[in-house]
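Listing of run_15.cif; format and content: mmCIF, C-alpha atoms.
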data_structure
loop_
_atom_site.label_atom_id
_atom_site.label_comp_id
_atom_site.auth_asym_id
_atom_site.auth_seq_id
_atom_site.Cartn_x
_atom_site.Cartn_y
_atom_site.Cartn_z
CA MET A 1 14.26 -56.99 36.34
CA LYS A 2 15.37 -57.51 32.75
CA THR A 3 11.85 -56.73 31.52
CA LYS A 4 11.84 -53.41 33.40
CA VAL A 5 15.19 -52.45 31.88
CA ILE A 6 13.96 -53.26 28.36
CA THR A 7 10.74 -51.29 28.95
CA LEU A 8 12.74 -48.30 30.24
CA LEU A 9 15.07 -48.50 27.23
CA PHE A 10 12.16 -48.48 24.77
CA THR A 11 10.59 -45.54 26.64
CA VAL A 12 13.82 -43.54 26.41
CA LEU A 13 14.16 -44.36 22.70
CA ALA A 14 10.54 -43.37 22.03
CA VAL A 15 11.02 -40.02 23.80
CA ALA A 16 14.27 -39.40 21.90
CA MET A 17 12.60 -40.19 18.55
CA THR A 18 9.65 -37.88 19.34
CA THR A 19 12.02 -35.08 20.35
CA ALA A 20 14.02 -35.49 17.13
CA GLN A 21 10.85 -35.50 15.02
CA ASN A 22 9.56 -32.36 16.77
CA SER A 23 12.91 -30.66 16.22
CA GLU A 24 12.77 -31.48 12.51
CA LYS A 25 9.19 -30.13 12.29
CA ALA A 26 10.31 -26.89 13.94
CA LYS A 27 13.34 -26.58 11.64
CA LYS A 28 11.19 -27.21 8.55
CA LEU A 29 8.72 -24.49 9.58
CA LEU A 30 11.51 -21.98 10.25
CA ASN A 31 13.06 -22.75 6.87
CA GLU A 32 9.71 -21.97 5.23
CA VAL A 33 9.61 -18.65 7.11
CA SER A 34 13.16 -17.79 5.94
CA GLU A 35 12.34 -18.58 2.31
CA LYS A 36 9.22 -16.41 2.48
CA VAL A 37 11.07 -13.47 4.05
CA LYS A 38 13.88 -13.60 1.47
CA SER A 39 11.41 -13.65 -1.41
CA TYR A 40 10.25 -10.08 -0.65
CA ASP A 41 11.90 -6.89 -1.90
CA ASN A 42 11.03 -5.17 1.36
CA ILE A 43 8.89 -5.61 4.48
CA VAL A 44 7.06 -2.88 6.41
CA LEU A 45 6.00 -3.72 9.97
CA ASP A 46 3.90 -2.03 12.63
CA PHE A 47 4.26 -3.69 16.01
CA LYS A 48 3.66 -3.52 19.74
CA TYR A 49 6.73 -3.63 21.98
CA ALA A 50 6.51 -4.64 25.63
CA LEU A 51 9.26 -5.01 28.23
CA ASP A 52 8.49 -6.70 31.56
CA ASN A 53 10.45 -7.67 34.65
CA ASN A 54 8.18 -8.74 37.51
CA LYS A 55 11.05 -8.88 40.01
CA GLU A 56 11.91 -5.24 39.37
CA GLY A 57 8.31 -4.12 38.94
CA ILE A 58 8.97 -2.92 35.39
CA HIS A 59 6.36 -2.75 32.64
CA GLN A 60 6.85 -0.68 29.50
CA GLU A 61 4.63 -0.81 26.46
CA THR A 62 4.74 1.16 23.23
CA ARG A 63 4.24 0.89 19.49
CA GLY A 64 6.82 1.01 16.76
CA SER A 65 7.39 0.56 13.06
CA ALA A 66 10.18 -0.82 10.91
CA THR A 67 10.97 -0.92 7.21
CA LEU A 68 13.35 -3.71 6.19
CA GLN A 69 15.18 -4.14 2.88
CA GLY A 70 17.93 -6.75 2.91
CA ASP A 71 20.34 -5.77 5.69
CA LYS A 72 19.12 -2.18 5.69
CA TYR A 73 16.40 -0.94 8.02
CA PHE A 74 14.64 2.13 9.35
CA LEU A 75 13.16 1.74 12.84
CA GLN A 76 10.98 4.12 14.84
CA LEU A 77 10.54 3.27 18.51
CA MET A 78 10.14 5.20 21.78
CA GLY A 79 10.41 8.59 20.10
CA ALA A 80 13.75 7.83 18.45
CA SER A 81 14.74 6.56 15.00
CA ARG A 82 17.45 4.08 14.03
CA MET A 83 18.62 3.79 10.44
CA PHE A 84 21.13 1.24 9.15
CA ASP A 85 22.40 1.84 5.61
CA GLY A 86 24.27 -1.46 5.39
CA LYS A 87 27.50 -0.06 6.86
CA LYS A 88 26.72 2.53 9.52
CA LEU A 89 24.02 2.74 12.20
CA TYR A 90 22.44 6.17 12.80
CA THR A 91 20.48 6.69 16.02
CA ILE A 92 18.47 9.90 15.90
CA SER A 93 17.06 11.34 19.14
CA PRO A 94 14.87 14.44 18.67
CA GLU A 95 14.46 14.73 22.46
CA ASN A 96 18.22 15.16 22.95
CA GLU A 97 18.79 16.72 19.52
CA GLU A 98 21.57 14.22 18.95
CA VAL A 99 22.62 11.82 16.19
CA THR A 100 24.89 8.93 17.13
CA ILE A 101 26.81 7.27 14.30
CA SER A 102 28.46 3.90 14.84
CA SER A 103 29.63 0.77 13.11
CA VAL A 104 27.68 -2.45 13.61
CA SER A 105 29.40 -5.48 15.11
CA ASP A 106 28.23 -9.06 14.69
CA ASP A 107 29.87 -10.00 17.99
CA ASN A 108 26.68 -9.60 20.03
CA GLU A 109 24.68 -12.59 18.84
CA ASP A 110 22.02 -12.01 21.53
CA GLU A 111 20.94 -8.67 20.06
CA ILE A 112 18.03 -9.07 17.67
CA THR A 113 18.18 -6.04 15.38
CA PRO A 114 15.36 -5.23 12.94
CA SER A 115 17.37 -6.64 10.04
CA LYS A 116 17.84 -9.90 11.97
CA MET A 117 14.38 -10.04 13.54
CA LEU A 118 12.91 -12.26 10.83
CA THR A 119 15.97 -14.48 10.26
CA PHE A 120 18.03 -14.44 13.50
CA TYR A 121 17.10 -18.04 14.30
CA GLU A 122 19.01 -19.46 11.31
CA LYS A 123 22.06 -20.20 13.45
CA GLY A 124 23.01 -20.50 17.10
CA TYR A 125 19.81 -22.09 18.39
CA SER A 126 18.23 -25.48 18.98
CA PHE A 127 14.60 -25.82 17.83
CA HIS A 128 11.65 -27.31 19.70
CA TRP A 129 8.02 -27.65 18.55
CA ASP A 130 5.75 -25.83 21.01
CA ILE A 131 2.05 -24.94 21.40
CA MET A 132 -0.47 -23.88 18.77
CA GLN A 133 -2.72 -20.91 19.55
CA ASN A 134 -5.86 -19.64 17.85
CA VAL A 135 -5.57 -15.84 17.56
CA LYS A 136 -8.74 -14.29 16.14
CA GLY A 137 -9.18 -17.18 13.73
CA ARG A 138 -5.49 -17.41 12.85
CA LYS A 139 -3.50 -20.49 13.79
CA VAL A 140 -0.22 -19.41 15.37
CA GLN A 141 2.35 -22.17 15.82
CA TYR A 142 5.07 -21.48 18.39
CA VAL A 143 8.64 -22.70 18.10
CA LEU A 144 10.89 -22.65 21.18
CA LEU A 145 14.50 -21.65 20.53
CA LYS A 146 17.30 -22.13 23.02
CA PRO A 147 20.82 -20.70 22.58
CA ILE A 148 23.43 -23.34 21.90
CA LYS A 149 26.20 -21.28 23.50
CA GLU A 150 26.22 -19.64 26.94
CA SER A 151 24.09 -16.53 26.69
CA ASP A 152 22.16 -13.86 28.60
CA LEU A 153 19.13 -15.25 26.79
CA LYS A 154 17.23 -18.08 28.41
CA GLU A 155 14.95 -18.85 25.48
CA ILE A 156 12.88 -17.35 22.69
CA LEU A 157 9.35 -18.23 21.68
CA LEU A 158 8.59 -17.48 18.05
CA GLY A 159 4.93 -17.41 17.00
CA ILE A 160 4.38 -18.11 13.29
CA ASP A 161 1.17 -17.70 11.31
CA SER A 162 0.67 -21.22 9.94
CA GLU A 163 -1.00 -20.00 6.74
CA THR A 164 1.15 -17.02 5.70
CA LYS A 165 4.41 -18.24 7.28
CA HIS A 166 4.89 -14.74 8.68
CA ILE A 167 6.21 -14.11 12.19
CA TYR A 168 3.38 -12.88 14.41
CA LYS A 169 5.02 -12.73 17.83
CA LEU A 170 8.50 -12.90 19.37
CA ILE A 171 8.93 -13.45 23.12
CA GLN A 172 12.52 -13.09 24.34
CA LYS A 173 13.20 -14.34 27.88
CA GLN A 174 16.43 -13.47 29.68
CA HIS A 175 17.97 -15.16 32.71
CA ASN A 176 17.54 -11.97 34.78
CA GLY A 177 13.75 -12.23 34.49
CA THR A 178 13.31 -9.65 31.72
CA HIS A 179 10.78 -10.54 29.02
CA ILE A 180 10.62 -8.60 25.73
CA THR A 181 7.54 -9.23 23.59
CA ILE A 182 7.13 -7.97 20.03
CA THR A 183 3.68 -8.48 18.49
CA VAL A 184 3.29 -7.70 14.79
CA ASN A 185 0.07 -5.78 14.11
CA SER A 186 0.65 -5.12 10.42
CA TYR A 187 2.91 -6.98 7.97
CA LYS A 188 3.16 -5.47 4.48
CA THR A 189 5.50 -6.55 1.71
CA ASN A 190 6.92 -5.12 -1.54
CA GLN A 191 5.84 -1.57 -0.71
CA PRO A 192 6.84 1.53 -2.71
CA ILE A 193 9.51 3.11 -0.48
CA PRO A 194 11.87 5.97 -1.33
CA SER A 195 15.51 5.01 -1.83
CA SER A 196 16.46 7.94 0.41
CA LEU A 197 14.88 6.18 3.40
CA PHE A 198 18.17 4.40 4.15
CA THR A 199 20.42 7.39 3.41
CA PHE A 200 21.47 9.74 6.19
CA ASP A 201 21.00 13.40 5.23
CA ALA A 202 23.12 15.51 7.56
CA SER A 203 21.51 18.74 6.31
CA LYS A 204 18.30 17.77 8.16
CA TYR A 205 20.15 17.78 11.48
CA GLU A 206 22.29 20.92 11.35
CA ASP A 207 21.15 21.90 14.87
CA TYR A 208 21.82 18.43 16.30
CA TYR A 209 24.96 17.27 18.06
CA ILE A 210 26.63 14.65 15.85
CA ASN A 211 28.27 11.99 18.00
CA ASN A 212 30.48 9.90 15.72
CA LEU A 213 31.70 6.90 17.73
CA ASP A 214 34.09 5.82 14.98
#

Kindly present the structure from the file in structure tokens form.
Amino acid sequence: MKTKVITLLFTVLAVAMTTAQNSEKAKKLLNEVSEKVKSYDNIVLDFKYALDNNKEGIHQETRGSATLQGDKYFLQLMGASRMFDGKKLYTISPENEEVTISSVSDDNEDEITPSKMLTFYEKGYSFHWDIMQNVKGRKVQYVLLKPIKESDLKEILLGIDSETKHIYKLIQKQHNGTHITITVNSYKTNQPIPSSLFTFDASKYEDYYINNLD
């Protein structure tokens, strides 16, 4: 009996040590990704966006692009544009001929905005080493992130190119069965971008309805 207890104890300790080591490996890789991201003046992404919920029979798929510079970003997705100048968020909808202006709150930690997409994992999550995939000759290492606090999010899988330390894929799983997948098709850095890209020019939208939520 005593031998079985000792064997069980060593098994539990071995599993705990392996889990801790895997967590440290995942944290180290994510730190390398953060350092790489912060070393760039700007990042320009082209990506595929997919939203799925099998229970509801929902599948949406489209392409988008985003230009990131510090906290500022310019996003084009589903026919609309979102521009954040560091203080205000401008959502421009040509279909509705409407511009919505609002302040940005940090209260919603679950929302992964373009400016947080490449660094959101720095706080609020536990890290777990996951599978490695070969994607057209590229080694993509996945890290599983789970929210530390109660959240609508169940988990996030972050696929990282092992060589470049760039994020290749983000899979966000919610408790309601919704999966959002962002796959980066093109990742360019330190591009020549106009300073006006993150400045809202009201004269371009004289015929639009301006909805200022503040």

(request) Mind checking which residues fall within 10 Å of A:Ser65, counting only C-alpha atoms, ignoring those fewer than 2 positions away in the same chain, and posting them as a ChimeraX atom specification? (result) /A:44-49,63,67,74-77,81,114,184-186

Got a sec: who's within 12 Å of A:Ser93, counting only C-alpha atoms, leaving out chain neighbours fewer than 5 positions off, as a tab-separated table (two decimals) with C-alpha atoms, in the frame of the given file?
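What follows is the written file out.tsv:
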chain	number	residue	atom	x	y	z
A	76	GLN	CA	10.98	4.12	14.84
A	77	LEU	CA	10.54	3.27	18.51
A	78	MET	CA	10.14	5.20	21.78
A	79	GLY	CA	10.41	8.59	20.10
A	80	ALA	CA	13.75	7.83	18.45
A	81	SER	CA	14.74	6.56	15.00
A	82	ARG	CA	17.45	4.08	14.03
A	83	MET	CA	18.62	3.79	10.44
A	98	GLU	CA	21.57	14.22	18.95
A	99	VAL	CA	22.62	11.82	16.19
A	100	THR	CA	24.89	8.93	17.13
A	101	ILE	CA	26.81	7.27	14.30
A	205	TYR	CA	20.15	17.78	11.48
A	208	TYR	CA	21.82	18.43	16.30
A	209	TYR	CA	24.96	17.27	18.06
A	210	ILE	CA	26.63	14.65	15.85
A	211	ASN	CA	28.27	11.99	18.00

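The closest residue to A:Phe198, picked from A:Lys27, A:Lys165, A:Lys72, A:His128 and counting only C-alpha atoms, is A:Lys72.
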
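Taking atom CA of A:Ala50 and atom CA of A:Lys169 as the two end points, the separation is 11.3 Å.
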
(request) Quote the spacing between atom CA of A:Glu155 and atom CA of A:Ile43 in Å to one decimal place. (result) 25.6 Å

(message) Would you pick out the contacts of A:Glu35 at 12 Å or less, using all atoms listed in the file, so that residues sharing its chain but fewer than 3 positions from it are not included, and give the list as a list in words?
(response) Lys28, Leu29, Leu30, Asn31, Glu32, Lys38, Ser39, Tyr40, Leu118, Thr119, Glu122, Thr164, Lys165 and His166 of chain A

(request) Translate the PyMOL selection byres ((chain A and resi 125) around 9), as applied to the file shown, into an explicit residue set as an NGL selection string. (result) :A and (121-124 or 126-127 or 145-149)

Can you write out the residues you just picked, keeping C-alpha atoms, as a short mmCIF file (atom, residue, chain, number, x, y, z; two decimals), in the frame of the given file?
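So the final result, stored in again-v3.cif, reads:
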data_model
loop_
_atom_site.label_atom_id
_atom_site.label_comp_id
_atom_site.auth_asym_id
_atom_site.auth_seq_id
_atom_site.Cartn_x
_atom_site.Cartn_y
_atom_site.Cartn_z
CA TYR A 121 17.10 -18.04 14.30
CA GLU A 122 19.01 -19.46 11.31
CA LYS A 123 22.06 -20.20 13.45
CA GLY A 124 23.01 -20.50 17.10
CA SER A 126 18.23 -25.48 18.98
CA PHE A 127 14.60 -25.82 17.83
CA LEU A 145 14.50 -21.65 20.53
CA LYS A 146 17.30 -22.13 23.02
CA PRO A 147 20.82 -20.70 22.58
CA ILE A 148 23.43 -23.34 21.90
CA LYS A 149 26.20 -21.28 23.50
#

Kindly reconstruct stretch 52-64 of chain A with N, CA, C and O atoms and present the result as a PDB file, keeping the file's coordinate frame.
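Result went into rebuild.pdb, see below:
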ATOM      1  N   ASP A  52       8.975  -6.382  30.219  1.00  0.00           N
ATOM      2  CA  ASP A  52       8.490  -6.700  31.560  1.00  0.00           C
ATOM      3  C   ASP A  52       9.574  -7.358  32.388  1.00  0.00           C
ATOM      4  O   ASP A  52      10.338  -8.191  31.889  1.00  0.00           O
ATOM      5  N   ASN A  53       9.623  -6.974  33.658  1.00  0.00           N
ATOM      6  CA  ASN A  53      10.450  -7.670  34.650  1.00  0.00           C
ATOM      7  C   ASN A  53       9.696  -7.612  35.966  1.00  0.00           C
ATOM      8  O   ASN A  53       9.695  -6.582  36.652  1.00  0.00           O
ATOM      9  N   ASN A  54       9.025  -8.710  36.312  1.00  0.00           N
ATOM     10  CA  ASN A  54       8.180  -8.740  37.510  1.00  0.00           C
ATOM     11  C   ASN A  54       8.981  -8.526  38.784  1.00  0.00           C
ATOM     12  O   ASN A  54       8.494  -7.905  39.736  1.00  0.00           O
ATOM     13  N   LYS A  55      10.215  -9.032  38.815  1.00  0.00           N
ATOM     14  CA  LYS A  55      11.050  -8.880  40.010  1.00  0.00           C
ATOM     15  C   LYS A  55      11.348  -7.418  40.289  1.00  0.00           C
ATOM     16  O   LYS A  55      11.397  -6.988  41.443  1.00  0.00           O
ATOM     17  N   GLU A  56      11.570  -6.658  39.228  1.00  0.00           N
ATOM     18  CA  GLU A  56      11.910  -5.240  39.370  1.00  0.00           C
ATOM     19  C   GLU A  56      10.691  -4.330  39.292  1.00  0.00           C
ATOM     20  O   GLU A  56      10.807  -3.112  39.433  1.00  0.00           O
ATOM     21  N   GLY A  57       9.532  -4.923  39.053  1.00  0.00           N
ATOM     22  CA  GLY A  57       8.310  -4.120  38.940  1.00  0.00           C
ATOM     23  C   GLY A  57       8.288  -3.233  37.720  1.00  0.00           C
ATOM     24  O   GLY A  57       7.762  -2.114  37.758  1.00  0.00           O
ATOM     25  N   ILE A  58       8.861  -3.727  36.623  1.00  0.00           N
ATOM     26  CA  ILE A  58       8.970  -2.920  35.390  1.00  0.00           C
ATOM     27  C   ILE A  58       7.954  -3.400  34.360  1.00  0.00           C
ATOM     28  O   ILE A  58       7.830  -4.600  34.105  1.00  0.00           O
ATOM     29  N   HIS A  59       7.228  -2.464  33.794  1.00  0.00           N
ATOM     30  CA  HIS A  59       6.360  -2.750  32.640  1.00  0.00           C
ATOM     31  C   HIS A  59       6.369  -1.540  31.726  1.00  0.00           C
ATOM     32  O   HIS A  59       5.969  -0.447  32.116  1.00  0.00           O
ATOM     33  N   GLN A  60       6.849  -1.732  30.522  1.00  0.00           N
ATOM     34  CA  GLN A  60       6.850  -0.680  29.500  1.00  0.00           C
ATOM     35  C   GLN A  60       6.165  -1.220  28.257  1.00  0.00           C
ATOM     36  O   GLN A  60       6.388  -2.364  27.865  1.00  0.00           O
ATOM     37  N   GLU A  61       5.340  -0.384  27.662  1.00  0.00           N
ATOM     38  CA  GLU A  61       4.630  -0.810  26.460  1.00  0.00           C
ATOM     39  C   GLU A  61       4.508   0.357  25.494  1.00  0.00           C
ATOM     40  O   GLU A  61       4.163   1.474  25.884  1.00  0.00           O
ATOM     41  N   THR A  62       4.828   0.109  24.238  1.00  0.00           N
ATOM     42  CA  THR A  62       4.740   1.160  23.230  1.00  0.00           C
ATOM     43  C   THR A  62       4.549   0.531  21.860  1.00  0.00           C
ATOM     44  O   THR A  62       4.561  -0.687  21.717  1.00  0.00           O
ATOM     45  N   ARG A  63       4.375   1.367  20.867  1.00  0.00           N
ATOM     46  CA  ARG A  63       4.240   0.890  19.490  1.00  0.00           C
ATOM     47  C   ARG A  63       5.417   1.385  18.665  1.00  0.00           C
ATOM     48  O   ARG A  63       6.024   2.415  18.971  1.00  0.00           O
ATOM     49  N   GLY A  64       5.711   0.635  17.621  1.00  0.00           N
ATOM     50  CA  GLY A  64       6.820   1.010  16.760  1.00  0.00           C
ATOM     51  C   GLY A  64       6.568   0.578  15.336  1.00  0.00           C
ATOM     52  O   GLY A  64       5.572  -0.083  15.034  1.00  0.00           O
TER      53      GLY A  64
END
